[in-house]
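Notes for the one structure printed next.
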Amino acid sequence: MRFPPFDDRGTLTTIELEALRSMHGAFLTARYEWHSAVALWDRLDVARDLADLRTTERPPFRYYGEAVHEIASSASDYERHTALIAWRYAASTAVLGITVLERVAHAKPPLAAAAVEGLCQEPTLGQLREALSVPAADFLPARERRFGDDREEWRSGGPSCGMAWTPRSR
């Protein structure tokens, strides 16, 4: 299979390209925020353990422990919330990207704006499974040469390298 040529006009429509860019940016932002939330939650979890140790030492003054527990609870909620958002955009980006790649690889007509908009919504697990089950071999371009051919050319001083390989003597 050969991919259609990508020239100044491109093989992607503006709507497809902008949707891919937007979904990619949304996913990256959600992922970065999720990583940040995980780090915050981890730090507060350690502080909560330390607060629990302190609380047993001085029972009447538990303000530190209460504050850490309240903040950690909110951090935990935020971590779960960002994880769900990251998942939603990761799944949507995967389905959109695979669908567009499949369209380009098979030289199908461009997707309609409504279809692109629909692919940007959170997919069902069935839609995600269907998108991920596309055979990857369909996306690989036909290779005219094997990797070993390049090595043989290099050793023999063929046209690709300009010099022959000779073992170094000791």
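Residues are referred to by chain and number: the chain letter is A, B, ... according to the order shown in the structure tokens, the number counts from 1 in that chain, and ligands are numbered separately from 1 in the order shown.
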
Subject >> Polymer residues at most 12 Å from Gln127 in chain A, only C-alpha atoms, same-chain spacing of 6 or more positions, as a PyMOL selection string >> reply: chain A and resi 91-92+94-96+98-99+118-119+121+133-134

**OP:** For Glu18 in chain A, list every protein, DNA or RNA residue within 12 Å, evaluated using only C-alpha atoms, and leave out those in the same chain fewer than 4 positions away; present the list as a VMD selection string.
**Re:** chain A and resid 12 to 14 22 to 25 96 to 97 113 116 to 117 120

Subject >> Counting only C-alpha atoms, the option among A:Asp77, A:Leu53, A:Ala90, A:Glu66 closest to Leu20 in chain A >> reply: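 The shortest atom-to-atom distance to Leu20 in chain A comes from A:Ala90.
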
Original post:
Which distance in Å separates CA of Ala37 in chain A and CA of Glu79 in chain A, to one decimal?
Top reply: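 Taking CA of Ala37 in chain A and CA of Glu79 in chain A, their separation equals 4.9 Å.
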
Original post:
Between A:Ser73, A:Ala83, A:Ala137, A:Arg88, which one has atoms that come closest to Leu125 in chain A, using only C-alpha atoms?
Top reply: A:Arg88

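Across the structure, CA of Leu40 in chain A and CA of Arg21 in chain A are spaced 28.5 Å apart.
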
Original post:
If we count only C-alpha atoms, what is near Ala72 in chain A at a cut-off of 8 Å, once residues fewer than 4 positions away on the same chain are taken out, given as JSON, numbers by chain?
Top reply: {"A": [41, 44, 45, 48, 68, 76]}
